[in-house]
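The next block holds one structure in the form of structure tokens; read it before the comments.
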Amino acid sequence: MKMSETRELRNERSLARLNKALPEIFPANVLSHALARRWTPPMPRLAIDSYWRAHPLRADRLCRALAAKSGAPEGWTWRLKSADEDGLAATFRAPPAPWREKAFSRGPGFCCVCGQPVYRLGWHADLWDRGPNKNASWHTACVTAWRLWNAPTDHLKLLKRRQKHRCAQSGARLWKTSEVDHRVPLFRVWREHREMAWPSLLAFWGLPNLQVINRDAHVEKCAAEAGTRRRITQPSPSP
Ligand SMILES: [Zn+2]
């Protein structure tokens, strides 16, 4: 049997399963994305997952908008893990996530990234009028956003395309070896902007602070940043 026939057969079965499991109300854009896939996702949850994976920048925007609805919990400040505090990140490289911290968690049915209720199938709006899904603690969109924030390099291709394959630093054509970079480096976010209100802080991990630059430009930028770091940490002796 040829590969295309195998695919057709499998897609036929997947579509039958998907149709059977599909709730009466289902986001139309997710469904059309699923039907246009090379391999049809056989379950509604997989269809939603596939949709957000294909649209990480949309997920990033949505997650930050949902987080803006929640705001930061009362009394929260961005801190790094010291001894055995639960849920705190050990490094400033990780995006601050107050709702993931044990002390502020809203419990099942609420997203640990944005703090908003999670509905059926990990969706962010209650299309079914059934209230929060008590078995979920992540929106599917927020999983994708979280992945983008923590590993932006995985999205190099997409980010390059957005920049029309031009280096954000020099304007030259991007080379194969180009790299994803944070415009404002994360050490400076921690040092200079940590008092900024959450979730505005999250924009430093999202698209607004991501750029692709050529390796030579990146090396130069890192050297300049390291220089600033040294000057700040080791102040020159007073005259
Ligand atoms: Zn969320």
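Each chain in the structure tokens gets a letter, A, B and so on, in the order shown; residues start at 1 in every chain, and ligands are counted from 1 in the order they appear.
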Output the neighbourhood of ligand 1 as a PDB file with C-alpha atoms, in the first residue's frame, that is, all protein and nucleic acid residues with some atom at most 6 Å from the ligand, counting only C-alpha atoms and all ligand atoms.
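The file below, out_17.pdb, is the result:
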```
ATOM      1  CA  CYS A  63      -2.101  33.976  27.840  1.00  0.00           C
ATOM      2  CA  CYS A 111      -4.852  27.870  35.179  1.00  0.00           C
ATOM      3  CA  VAL A 113      -0.001  30.285  34.460  1.00  0.00           C
ATOM      4  CA  CYS A 114      -2.621  32.999  33.953  1.00  0.00           C
ATOM      5  CA  GLN A 116      -8.110  32.303  35.034  1.00  0.00           C
ATOM      6  CA  TRP A 138      -3.584  24.602  32.583  1.00  0.00           C
ATOM      7  CA  HIS A 139      -5.237  26.172  29.543  1.00  0.00           C
ATOM      8  CA  CYS A 142      -1.089  28.621  28.229  1.00  0.00           C
TER       9      CYS A 142
END
```
Using DSSP on the backbone coordinates, identify the residues of range 8-237 of chain A assigned to helix (DSSP H, G or I); present them as number ranges by chain.
A: 8-21, 28-35, 44-54, 56-70, 98-100, 120-122, 140-150, 152-162, 186-192, 200-204, 207-209, 215-233
Identify which of the residues A:Lys176, A:Arg10, A:Arg106, A:His182 lies closest to Trp205 in chain A, counting only C-alpha atoms when measuring atom-to-atom distances.
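Ranked by minimum distance to Trp205 in chain A, first place goes to A:His182.
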Taking into account only C-alpha atoms, which residue in the set A:Thr177, A:Asp60, A:Ser137, A:Glu195 is nearest to Lys160 in chain A?
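Of all the options, A:Thr177 lies closest to Lys160 in chain A.
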Using CA of Arg162 in chain A and CA of Ser178 in chain A as the two end points, give the distance in Å to one decimal.
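Interatomic distance here is 13.9 Å.
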So how many Å separate CA of His193 in chain A and CA of Glu225 in chain A, to one decimal?
16.0 Å
Could you tell me how far CA of Ala90 in chain A sits from CA of Ala136 in chain A, in Å to one decimal place?
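Taking CA of Ala136 in chain A and CA of Ala90 in chain A, their separation equals 25.2 Å.
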Which of range 121-189 of chain A counts as strand (DSSP E or B) under DSSP, as a PyMOL selection string please?
chain A and resi 166+173+179-182
Residues from the last selection, all heavy atoms, saved as a PDB file, in the first residue's frame:
```pdb
ATOM      1  N   ARG A 166      15.589  38.863   8.163  1.00  0.00           N
ATOM      2  CA  ARG A 166      16.592  39.925   8.342  1.00  0.00           C
ATOM      3  C   ARG A 166      17.007  39.974   9.805  1.00  0.00           C
ATOM      4  O   ARG A 166      16.158  39.823  10.706  1.00  0.00           O
ATOM      5  CB  ARG A 166      15.991  41.289   7.962  1.00  0.00           C
ATOM      6  CG  ARG A 166      15.663  41.429   6.495  1.00  0.00           C
ATOM      7  CD  ARG A 166      16.866  41.919   5.713  1.00  0.00           C
ATOM      8  NE  ARG A 166      16.816  41.449   4.320  1.00  0.00           N
ATOM      9  CZ  ARG A 166      17.865  41.463   3.503  1.00  0.00           C
ATOM     10  NH1 ARG A 166      19.038  41.871   3.936  1.00  0.00           N
ATOM     11  NH2 ARG A 166      17.752  41.036   2.274  1.00  0.00           N
ATOM     12  N   ARG A 173      20.978  39.947   6.031  1.00  0.00           N
ATOM     13  CA  ARG A 173      20.233  38.704   5.875  1.00  0.00           C
ATOM     14  C   ARG A 173      20.609  37.729   6.999  1.00  0.00           C
ATOM     15  O   ARG A 173      21.764  37.658   7.388  1.00  0.00           O
ATOM     16  CB  ARG A 173      20.580  38.097   4.506  1.00  0.00           C
ATOM     17  CG  ARG A 173      19.584  37.072   4.112  1.00  0.00           C
ATOM     18  CD  ARG A 173      19.700  36.572   2.710  1.00  0.00           C
ATOM     19  NE  ARG A 173      18.908  35.345   2.650  1.00  0.00           N
ATOM     20  CZ  ARG A 173      17.582  35.314   2.584  1.00  0.00           C
ATOM     21  NH1 ARG A 173      16.900  36.435   2.530  1.00  0.00           N
ATOM     22  NH2 ARG A 173      16.935  34.175   2.557  1.00  0.00           N
ATOM     23  N   GLU A 179      20.418  33.252  15.849  1.00  0.00           N
ATOM     24  CA  GLU A 179      19.937  32.803  17.156  1.00  0.00           C
ATOM     25  C   GLU A 179      18.817  33.683  17.700  1.00  0.00           C
ATOM     26  O   GLU A 179      18.752  34.874  17.377  1.00  0.00           O
ATOM     27  CB  GLU A 179      21.110  32.820  18.149  1.00  0.00           C
ATOM     28  CG  GLU A 179      22.148  31.759  17.837  1.00  0.00           C
ATOM     29  CD  GLU A 179      23.514  32.037  18.441  1.00  0.00           C
ATOM     30  OE1 GLU A 179      23.742  33.162  18.941  1.00  0.00           O
ATOM     31  OE2 GLU A 179      24.343  31.118  18.398  1.00  0.00           O
ATOM     32  N   VAL A 180      17.983  33.078  18.543  1.00  0.00           N
ATOM     33  CA  VAL A 180      16.918  33.841  19.198  1.00  0.00           C
ATOM     34  C   VAL A 180      17.530  34.561  20.399  1.00  0.00           C
ATOM     35  O   VAL A 180      18.351  33.996  21.126  1.00  0.00           O
ATOM     36  CB  VAL A 180      15.781  32.911  19.671  1.00  0.00           C
ATOM     37  CG1 VAL A 180      14.712  33.710  20.406  1.00  0.00           C
ATOM     38  CG2 VAL A 180      15.157  32.183  18.493  1.00  0.00           C
ATOM     39  N   ASP A 181      17.139  35.805  20.570  1.00  0.00           N
ATOM     40  CA  ASP A 181      17.731  36.629  21.610  1.00  0.00           C
ATOM     41  C   ASP A 181      16.635  37.427  22.313  1.00  0.00           C
ATOM     42  O   ASP A 181      15.616  37.746  21.705  1.00  0.00           O
ATOM     43  CB  ASP A 181      18.728  37.586  20.928  1.00  0.00           C
ATOM     44  CG  ASP A 181      19.260  38.651  21.861  1.00  0.00           C
ATOM     45  OD1 ASP A 181      19.877  38.274  22.876  1.00  0.00           O
ATOM     46  OD2 ASP A 181      19.055  39.850  21.586  1.00  0.00           O
ATOM     47  N   HIS A 182      16.830  37.717  23.599  1.00  0.00           N
ATOM     48  CA  HIS A 182      15.925  38.629  24.302  1.00  0.00           C
ATOM     49  C   HIS A 182      16.460  40.044  24.133  1.00  0.00           C
ATOM     50  O   HIS A 182      17.589  40.330  24.535  1.00  0.00           O
ATOM     51  CB  HIS A 182      15.857  38.275  25.791  1.00  0.00           C
ATOM     52  CG  HIS A 182      15.171  36.979  26.049  1.00  0.00           C
ATOM     53  ND1 HIS A 182      15.851  35.810  26.280  1.00  0.00           N
ATOM     54  CD2 HIS A 182      13.849  36.666  26.096  1.00  0.00           C
ATOM     55  CE1 HIS A 182      14.977  34.826  26.454  1.00  0.00           C
ATOM     56  NE2 HIS A 182      13.755  35.307  26.347  1.00  0.00           N
TER      57      HIS A 182
END
```
For Ala172 in chain A, which residue among A:Asn214, A:Ser200, A:Thr140, A:Thr228 is the nearest when counting only C-alpha atoms?
A:Asn214
Considering only C-alpha atoms, can you say which of A:Leu121, A:Ala224, A:Leu9, A:Pro56 comes closest to Leu22 in chain A?
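For Leu22 in chain A, the nearest of the given residues is A:Leu121.
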